[in-house]
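Working notes, structure below.
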Number of protein chains: 2
Amino acid sequence: MKEMLHILKIGGNVLSNDLVLASVLSAFSKKEGRKIIVHGGGKKATVLAEKLGIPSIFVEGRRITDTDSLEIAVMTYAGWYNKIIVAHCHSIGLSALGLSGADANAILSVKRPVKEVDFGWVGDPVMVNIQTLSHFMNIDLTLVFCAVTHDGQGQLLNTNADTIASTLATALSNIYSVNLTYCLELPGVLEDVSNPNTVIPSLNRSAFIEGREKGYFHAGMIPKLENAFNAIENGVKKVVICGPDSFLTNGGTHIC
Amino acid sequence: MKEMLHILKIGGNVLSNDLVLASVLSAFSKKEGRKIIVHGGGKKATVLAEKLGIPSIFVEGRRITDTDSLEIAVMTYAGWYNKIIVAHCHSIGLSALGLSGADANAILSVKRPVKEVDFGWVGDPVMVNIQTLSHFMNIDLTLVFCAVTHDGQGQLLNTNADTIASTLATALSNIYSVNLTYCLELPGVLEDVSNPNTVIPSLNRSAFIEGREKGYFHAGMIPKLENAFNAIENGVKKVVICGPDSFLTNGGTHIC
């Protein structure tokens, strides 16, 4: 039987609230099995860029990463957020190791080819170093991944944290029984985005396609759901989209 | 016989020059044995603080680290510099793992007690996690340490990079034969600080004390030399202070 691996993606609104972050990490620390946390930090990066007079440009919800924006992303994600999460984990008894995709060549990416949009220093993952990651987990380390990867040629790349979570979940499902949880501000995928009491308890691909065509899901949820369906269709045992409260009660939307 | 471990501390002026950094890392990658790189990044942190309107305050060459300064230090050291060095290492065939002291509880510190000066969020190392670090090195990872540690209670701490280098060197000399190199802008310890041709080829503690009393060494060199003597007197096999050029030719000042 495969060993259990819990992968938790923490969204920006959870990250930016110390108390909420602490309660989510506390609940996560009690899960039995191997553990990986994935985080972004885009909101803080945007604020820092603003203070430094560097414009943040988004196309379809994705950041255009020029050289200045890459530096800000690496500082914010791999620097500040990664290390405060790692330090916090130790304070609650989880021995944590912070990683970017460059560390130990954990996630190798290719720079996104320029088509209609030039996303700049953005990378799409092509390889997960399963051997080294399982080596780390075998010595009881909780891995904390930020949204930065590299191309193996010395170039850092900004990589969507949801994509990192589903990429890790899929790759590691070869040797682990993987539970993937996206913990965001909302309590789950909502039927009516203005009403938090309309959480859809379970969602399959055909209902998603139907809902998307009817314009049910807001722009930010669609790539998240794409990542979630990719994961469940590629070996991941369980995928849940939930909020901080529903994470504690095992609620949210179960992807099936 | 103990396995060889090379520890290289890279100074700010080496870090801030891409070409010089690349040549030093290239020479370092060719060393036989286990490898650790330690870096700071104070100059860039000072520039970033200035852009953000946060004052950088130094007492006896040491940064006073308030909450804003800590965030800048963590972003610059653990974020930007750590990850560009790690990514560069992979491009020259070194599989590198970036670490703060918080990662895998690699270096535990205590917040410096407030005496005449309140240094703020500054930590002095009290424990090195030798077992986990040797575990990482046994799977052929080159460790890249930034100048950030933690207190085990969730608090990150700014820690002098020279101190991190000598602390690691001393702790790891229990199981490795350690060569510690401080690579700075100057070609070594100079008899006349205005003349780079006056490198002192070797320096022992009594000559250092004599020279210090005569005011031979400039303020920044004294804590570096203290760290170097502490290392050589506590089991480290070889300690050298050199510049990028003298690093390539095995020159510089040998501490004995």
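We label chains A, B, ... in the order they appear in the structure tokens, count residues from 1 in each chain, and number ligands from 1 in the order shown.
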Sorted per-residue table, chain B near chain A, closest atoms and distance, 6 Å, only C-alpha atoms, as JSON lines:
```
{"residue": "B:Val74", "atom": "CA", "partner": "A:Gly79", "partner_atom": "CA", "distance": 5.6}
{"residue": "B:Met75", "atom": "CA", "partner": "A:Gly79", "partner_atom": "CA", "distance": 4.3}
{"residue": "B:Ala78", "atom": "CA", "partner": "A:Gly79", "partner_atom": "CA", "distance": 4.8}
{"residue": "B:Gly79", "atom": "CA", "partner": "A:Gly79", "partner_atom": "CA", "distance": 3.5}
{"residue": "B:Trp80", "atom": "CA", "partner": "A:Met75", "partner_atom": "CA", "distance": 5.2}
{"residue": "B:Ala87", "atom": "CA", "partner": "A:Gly154", "partner_atom": "CA", "distance": 4.5}
{"residue": "B:His88", "atom": "CA", "partner": "A:Gly154", "partner_atom": "CA", "distance": 4.3}
{"residue": "B:His90", "atom": "CA", "partner": "A:Gly152", "partner_atom": "CA", "distance": 5.9}
{"residue": "B:Ser91", "atom": "CA", "partner": "A:Gln153", "partner_atom": "CA", "distance": 4.5}
{"residue": "B:Ser95", "atom": "CA", "partner": "A:Ala104", "partner_atom": "CA", "distance": 5.8}
{"residue": "B:Ala96", "atom": "CA", "partner": "A:Ala104", "partner_atom": "CA", "distance": 5.3}
{"residue": "B:Leu97", "atom": "CA", "partner": "A:Asp103", "partner_atom": "CA", "distance": 4.5}
{"residue": "B:Gly98", "atom": "CA", "partner": "A:Asp103", "partner_atom": "CA", "distance": 5.9}
{"residue": "B:Ala102", "atom": "CA", "partner": "A:Ala87", "partner_atom": "CA", "distance": 5.6}
{"residue": "B:Asp103", "atom": "CA", "partner": "A:Leu97", "partner_atom": "CA", "distance": 4.5}
{"residue": "B:Ala104", "atom": "CA", "partner": "A:Leu97", "partner_atom": "CA", "distance": 5.0}
{"residue": "B:Gly152", "atom": "CA", "partner": "A:Ser91", "partner_atom": "CA", "distance": 5.7}
{"residue": "B:Gln153", "atom": "CA", "partner": "A:Ser91", "partner_atom": "CA", "distance": 4.5}
{"residue": "B:Gly154", "atom": "CA", "partner": "A:His88", "partner_atom": "CA", "distance": 4.3}
```
### Query
What lies within 9 Å of Leu15 of chain B using only C-alpha atoms, ignoring chain neighbours under 3 positions off, as a ChimeraX atom specification?
/B:10-12,18,20-21,39-41,81
### Task
Per DSSP on the backbone, filter segment 157-251 of chain B down to the residues in strand (DSSP E or B) and report them as JSON, numbers by chain.
{"B": [157, 158, 176, 177, 178, 179, 180, 181, 182, 183, 190, 199, 202, 203, 238, 239, 240, 241, 242]}
Write to file, as a compact mmCIF listing (two decimals), in the first residue's frame, the residues of the selection just made, with N, CA and C atoms.
```
# COMPACT_ATOMS: atom_id res chain seq x y z
N LEU B 157 15.69 35.24 12.43
CA LEU B 157 16.71 36.13 13.00
C LEU B 157 17.80 36.39 11.97
N ASN B 158 18.25 37.63 11.93
CA ASN B 158 19.34 38.03 11.06
C ASN B 158 20.65 37.61 11.73
N TYR B 176 34.02 16.09 9.53
CA TYR B 176 34.68 16.36 8.25
C TYR B 176 36.04 17.01 8.51
N SER B 177 36.91 16.92 7.52
CA SER B 177 38.15 17.70 7.52
C SER B 177 37.82 19.00 6.78
N VAL B 178 37.68 20.10 7.52
CA VAL B 178 37.06 21.31 6.96
C VAL B 178 38.09 22.36 6.52
N ASN B 179 37.95 22.80 5.28
CA ASN B 179 38.67 23.98 4.77
C ASN B 179 37.68 25.14 4.69
N LEU B 180 37.98 26.22 5.39
CA LEU B 180 37.08 27.38 5.39
C LEU B 180 37.76 28.55 4.69
N THR B 181 37.07 29.10 3.69
CA THR B 181 37.63 30.22 2.93
C THR B 181 36.68 31.41 2.99
N TYR B 182 37.20 32.55 3.40
CA TYR B 182 36.44 33.80 3.31
C TYR B 182 36.91 34.52 2.05
N CYS B 183 36.02 34.63 1.07
CA CYS B 183 36.39 35.31 -0.18
C CYS B 183 35.74 36.69 -0.20
N LEU B 190 45.62 42.66 4.65
CA LEU B 190 46.70 43.52 4.15
C LEU B 190 47.48 44.17 5.30
N VAL B 199 49.65 41.73 0.99
CA VAL B 199 48.92 40.61 1.63
C VAL B 199 49.84 39.91 2.63
N SER B 202 50.59 34.64 6.08
CA SER B 202 50.01 33.86 7.18
C SER B 202 49.96 34.70 8.44
N LEU B 203 48.97 34.41 9.27
CA LEU B 203 48.72 35.23 10.44
C LEU B 203 48.31 34.33 11.61
N LYS B 238 41.82 24.23 8.02
CA LYS B 238 42.49 25.28 7.27
C LYS B 238 41.53 26.46 7.13
N VAL B 239 42.03 27.66 7.39
CA VAL B 239 41.20 28.86 7.21
C VAL B 239 42.00 29.86 6.38
N VAL B 240 41.38 30.35 5.31
CA VAL B 240 42.05 31.30 4.40
C VAL B 240 41.15 32.50 4.19
N ILE B 241 41.75 33.69 4.19
CA ILE B 241 41.03 34.91 3.82
C ILE B 241 41.64 35.39 2.51
N CYS B 242 40.82 35.48 1.47
CA CYS B 242 41.38 35.82 0.16
C CYS B 242 40.38 36.62 -0.66
```
Take chain A, superimpose it onto chain B by least squares using every C-alpha atom paired in sequence order, and output the result as a short mmCIF file (atom, residue, chain, number, x, y, z; two decimals) with C-alpha atoms, in the first residue's frame.
```cif
data_model
loop_
_atom_site.label_atom_id
_atom_site.label_comp_id
_atom_site.auth_asym_id
_atom_site.auth_seq_id
_atom_site.Cartn_x
_atom_site.Cartn_y
_atom_site.Cartn_z
CA MET A 1 40.22 9.50 7.55
CA LYS A 2 37.64 12.27 7.60
CA GLU A 3 35.99 13.30 4.33
CA MET A 4 36.96 16.73 3.00
CA LEU A 5 34.46 19.60 3.31
CA HIS A 6 35.06 22.99 1.65
CA ILE A 7 33.16 25.93 3.11
CA LEU A 8 33.27 29.14 1.09
CA LYS A 9 31.96 32.42 2.47
CA ILE A 10 31.27 34.90 -0.34
CA GLY A 11 31.40 38.58 0.55
CA GLY A 12 29.11 41.35 -0.65
CA ASN A 13 31.41 42.76 -3.34
CA VAL A 14 31.82 39.33 -4.89
CA LEU A 15 28.04 38.74 -4.77
CA SER A 16 27.21 41.99 -6.48
CA ASN A 17 29.43 41.34 -9.53
CA ASP A 18 27.95 38.60 -11.74
CA LEU A 19 31.19 37.84 -13.57
CA VAL A 20 33.31 37.67 -10.43
CA LEU A 21 30.68 35.52 -8.70
CA ALA A 22 30.59 33.16 -11.68
CA SER A 23 34.38 32.75 -11.74
CA VAL A 24 34.54 32.10 -7.97
CA LEU A 25 31.69 29.54 -8.15
CA SER A 26 33.30 27.88 -11.15
CA ALA A 27 36.62 27.45 -9.29
CA PHE A 28 34.76 26.25 -6.19
CA SER A 29 32.81 23.66 -8.17
CA LYS A 30 36.09 21.94 -9.09
CA LYS A 31 37.11 21.30 -5.46
CA GLU A 32 37.09 17.64 -4.46
CA GLY A 33 34.87 16.80 -1.50
CA ARG A 34 31.67 18.07 0.10
CA LYS A 35 30.80 21.73 -0.37
CA ILE A 36 28.99 24.53 1.47
CA ILE A 37 28.62 28.13 0.30
CA VAL A 38 27.68 30.90 2.74
CA HIS A 39 26.60 34.34 1.60
CA GLY A 40 25.18 37.57 2.97
CA GLY A 41 23.81 40.35 0.85
CA GLY A 42 23.88 43.35 3.15
CA LYS A 43 24.72 45.89 0.45
CA LYS A 44 21.68 45.01 -1.64
CA ALA A 45 19.53 44.97 1.53
CA THR A 46 20.73 48.50 2.29
CA VAL A 47 19.85 49.67 -1.22
CA LEU A 48 16.38 48.05 -1.03
CA ALA A 49 15.77 49.59 2.40
CA GLU A 50 16.75 52.98 1.03
CA LYS A 51 14.31 52.64 -1.90
CA LEU A 52 11.56 51.72 0.57
CA GLY A 53 12.43 54.62 2.87
CA ILE A 54 13.49 52.33 5.72
CA PRO A 55 16.61 53.57 7.53
CA SER A 56 19.57 51.14 7.83
CA ILE A 57 21.27 51.61 11.17
CA PHE A 58 24.65 50.06 11.98
CA VAL A 59 26.50 49.86 15.30
CA GLU A 60 30.12 48.63 15.15
CA GLY A 61 29.54 47.44 11.59
CA ARG A 62 26.53 45.34 12.61
CA ARG A 63 23.02 46.02 11.32
CA ILE A 64 20.31 46.92 13.83
CA THR A 65 17.46 44.69 12.69
CA ASP A 66 13.99 46.03 13.39
CA THR A 67 10.91 44.28 11.95
CA ASP A 68 11.07 46.08 8.59
CA SER A 69 14.83 45.46 8.27
CA LEU A 70 14.34 41.77 9.07
CA GLU A 71 11.82 41.45 6.24
CA ILE A 72 14.25 43.14 3.84
CA ALA A 73 17.13 40.94 5.02
CA VAL A 74 15.09 37.74 4.62
CA MET A 75 13.84 38.79 1.18
CA THR A 76 17.31 39.74 -0.03
CA TYR A 77 19.42 36.97 1.54
CA ALA A 78 17.06 33.95 1.68
CA GLY A 79 15.14 35.08 -1.40
CA TRP A 80 17.11 36.74 -4.16
CA TYR A 81 20.78 35.93 -3.50
CA ASN A 82 20.18 32.44 -2.19
CA LYS A 83 18.12 31.41 -5.19
CA ILE A 84 20.31 32.99 -7.88
CA ILE A 85 23.35 31.22 -6.40
CA VAL A 86 21.46 27.90 -6.26
CA ALA A 87 20.23 28.29 -9.85
CA HIS A 88 23.72 29.25 -11.02
CA CYS A 89 25.24 26.22 -9.28
CA HIS A 90 22.95 23.88 -11.24
CA SER A 91 24.04 25.52 -14.48
CA ILE A 92 27.68 24.56 -13.73
CA GLY A 93 26.93 21.02 -12.62
CA LEU A 94 26.63 21.49 -8.86
CA SER A 95 23.37 20.21 -7.43
CA ALA A 96 22.65 22.87 -4.82
CA LEU A 97 20.19 23.19 -1.95
CA GLY A 98 19.53 26.66 -0.54
CA LEU A 99 19.10 26.87 3.21
CA SER A 100 18.40 29.36 5.92
CA GLY A 101 19.02 28.25 9.48
CA ALA A 102 15.27 27.69 9.78
CA ASP A 103 15.22 25.10 6.99
CA ALA A 104 15.41 21.62 8.47
CA ASN A 105 16.34 23.44 11.69
CA ALA A 106 19.84 23.67 10.21
CA ILE A 107 21.07 26.42 12.56
CA LEU A 108 19.22 27.29 15.74
CA SER A 109 19.97 30.70 17.26
CA VAL A 110 19.06 32.75 20.28
CA LYS A 111 18.03 36.36 19.94
CA ARG A 112 20.96 38.49 21.07
CA PRO A 113 20.28 39.77 24.60
CA VAL A 114 19.86 43.53 24.92
CA LYS A 115 22.91 45.04 26.66
CA GLU A 116 24.38 48.44 25.72
CA VAL A 117 22.94 47.98 22.23
CA ASP A 118 19.59 46.48 21.21
CA PHE A 119 20.44 44.76 17.93
CA GLY A 120 16.79 43.81 17.38
CA TRP A 121 16.04 40.60 15.47
CA VAL A 122 19.63 39.40 15.46
CA GLY A 123 20.48 35.82 16.36
CA ASP A 124 23.61 34.14 17.65
CA PRO A 125 23.89 30.46 16.64
CA VAL A 126 23.68 27.85 19.41
CA MET A 127 23.17 24.58 17.48
CA VAL A 128 24.02 23.14 14.08
CA ASN A 129 21.94 20.18 12.87
CA ILE A 130 24.98 18.13 11.85
CA GLN A 131 22.99 14.98 11.20
CA THR A 132 20.61 16.47 8.65
CA LEU A 133 23.30 18.56 6.94
CA SER A 134 25.55 15.53 6.46
CA HIS A 135 22.49 13.65 5.23
CA PHE A 136 22.01 16.31 2.54
CA MET A 137 25.69 16.28 1.62
CA ASN A 138 25.69 12.48 1.41
CA ILE A 139 23.27 12.73 -1.50
CA ASP A 140 25.75 15.05 -3.24
CA LEU A 141 24.02 18.32 -2.52
CA THR A 142 26.08 21.49 -2.26
CA LEU A 143 24.51 23.51 0.56
CA VAL A 144 24.02 27.25 0.05
CA PHE A 145 23.46 29.09 3.32
CA CYS A 146 22.09 32.59 3.64
CA ALA A 147 22.55 34.83 6.68
CA VAL A 148 19.20 34.05 8.30
CA THR A 149 18.53 31.70 11.22
CA HIS A 150 15.58 31.11 13.59
CA ASP A 151 14.89 30.60 17.29
CA GLY A 152 12.76 27.46 16.94
CA GLN A 153 9.74 29.39 18.21
CA GLY A 154 8.72 30.81 14.85
CA GLN A 155 10.98 33.87 14.87
CA LEU A 156 13.45 34.46 12.03
CA LEU A 157 16.72 36.12 13.01
CA ASN A 158 19.35 38.03 11.06
CA THR A 159 22.75 36.39 11.62
CA ASN A 160 26.15 37.56 10.43
CA ALA A 161 27.27 35.46 7.46
CA ASP A 162 30.91 35.27 8.65
CA THR A 163 29.62 33.86 11.93
CA ILE A 164 27.44 31.34 10.09
CA ALA A 165 30.48 30.20 8.10
CA SER A 166 32.72 29.73 11.15
CA THR A 167 29.88 28.14 13.17
CA LEU A 168 29.21 25.59 10.41
CA ALA A 169 32.94 24.96 9.94
CA THR A 170 33.51 24.36 13.64
CA ALA A 171 30.45 22.14 14.16
CA LEU A 172 31.08 20.08 11.04
CA SER A 173 34.79 19.61 11.83
CA ASN A 174 33.61 16.84 14.18
CA ILE A 175 32.93 14.66 11.17
CA TYR A 176 34.68 16.36 8.25
CA SER A 177 38.15 17.68 7.52
CA VAL A 178 37.07 21.30 6.97
CA ASN A 179 38.67 23.97 4.77
CA LEU A 180 37.08 27.37 5.40
CA THR A 181 37.64 30.21 2.94
CA TYR A 182 36.45 33.79 3.31
CA CYS A 183 36.40 35.30 -0.17
CA LEU A 184 36.11 39.08 -0.05
CA GLU A 185 36.96 42.05 -2.24
CA LEU A 186 40.52 42.45 -0.93
CA PRO A 187 43.15 39.87 -1.94
CA GLY A 188 43.66 38.90 1.72
CA VAL A 189 44.52 40.53 5.05
CA LEU A 190 46.69 43.53 4.14
CA GLU A 191 49.58 45.01 6.06
CA ASP A 192 48.69 48.34 4.47
CA VAL A 193 44.98 48.49 3.67
CA SER A 194 45.61 51.02 0.88
CA ASN A 195 48.09 48.72 -0.88
CA PRO A 196 46.75 45.40 -2.29
CA ASN A 197 50.33 44.17 -2.75
CA THR A 198 50.84 43.87 1.01
CA VAL A 199 48.93 40.62 1.62
CA ILE A 200 50.06 38.96 4.84
CA PRO A 201 50.65 35.33 3.74
CA SER A 202 49.99 33.86 7.19
CA LEU A 203 48.69 35.25 10.44
CA ASN A 204 48.54 33.75 13.93
CA ARG A 205 46.56 34.91 16.96
CA SER A 206 49.46 36.70 18.66
CA ALA A 207 50.40 38.64 15.49
CA PHE A 208 46.71 39.51 15.10
CA ILE A 209 46.46 40.84 18.68
CA GLU A 210 49.65 42.83 18.23
CA GLY A 211 48.47 44.24 14.87
CA ARG A 212 45.04 45.10 16.27
CA GLU A 213 46.61 47.02 19.14
CA LYS A 214 48.69 48.97 16.65
CA GLY A 215 45.55 49.73 14.61
CA TYR A 216 46.74 47.77 11.56
CA PHE A 217 43.41 46.13 10.75
CA HIS A 218 40.35 48.08 9.62
CA ALA A 219 37.09 47.77 11.53
CA GLY A 220 35.41 45.31 9.15
CA MET A 221 38.36 42.89 9.19
CA ILE A 222 38.50 42.47 12.97
CA PRO A 223 35.25 40.46 13.51
CA LYS A 224 36.14 38.44 10.37
CA LEU A 225 39.53 37.59 11.89
CA GLU A 226 37.90 36.76 15.23
CA ASN A 227 35.65 34.28 13.41
CA ALA A 228 38.63 32.89 11.52
CA PHE A 229 40.71 32.34 14.66
CA ASN A 230 37.75 30.81 16.49
CA ALA A 231 37.39 28.33 13.64
CA ILE A 232 41.08 27.34 13.46
CA GLU A 233 41.26 27.00 17.26
CA ASN A 234 38.20 24.76 17.31
CA GLY A 235 39.01 21.94 14.94
CA VAL A 236 38.83 23.52 11.48
CA LYS A 237 41.79 22.25 9.45
CA LYS A 238 42.49 25.27 7.27
CA VAL A 239 41.21 28.85 7.21
CA VAL A 240 42.05 31.28 4.41
CA ILE A 241 41.03 34.90 3.82
CA CYS A 242 41.39 35.83 0.16
CA GLY A 243 39.95 37.73 -2.79
CA PRO A 244 38.41 36.39 -5.99
CA ASP A 245 41.76 36.32 -7.81
CA SER A 246 43.78 34.86 -4.95
CA PHE A 247 41.01 32.25 -4.46
CA LEU A 248 41.79 30.94 -7.94
CA THR A 249 45.51 30.74 -7.19
CA ASN A 250 45.21 29.42 -3.61
CA GLY A 251 46.71 32.67 -2.34
CA GLY A 252 45.43 35.03 0.35
CA THR A 253 46.11 35.00 4.07
CA HIS A 254 46.37 31.63 5.80
CA ILE A 255 45.18 31.73 9.41
CA CYS A 256 47.28 29.60 11.71
#
```
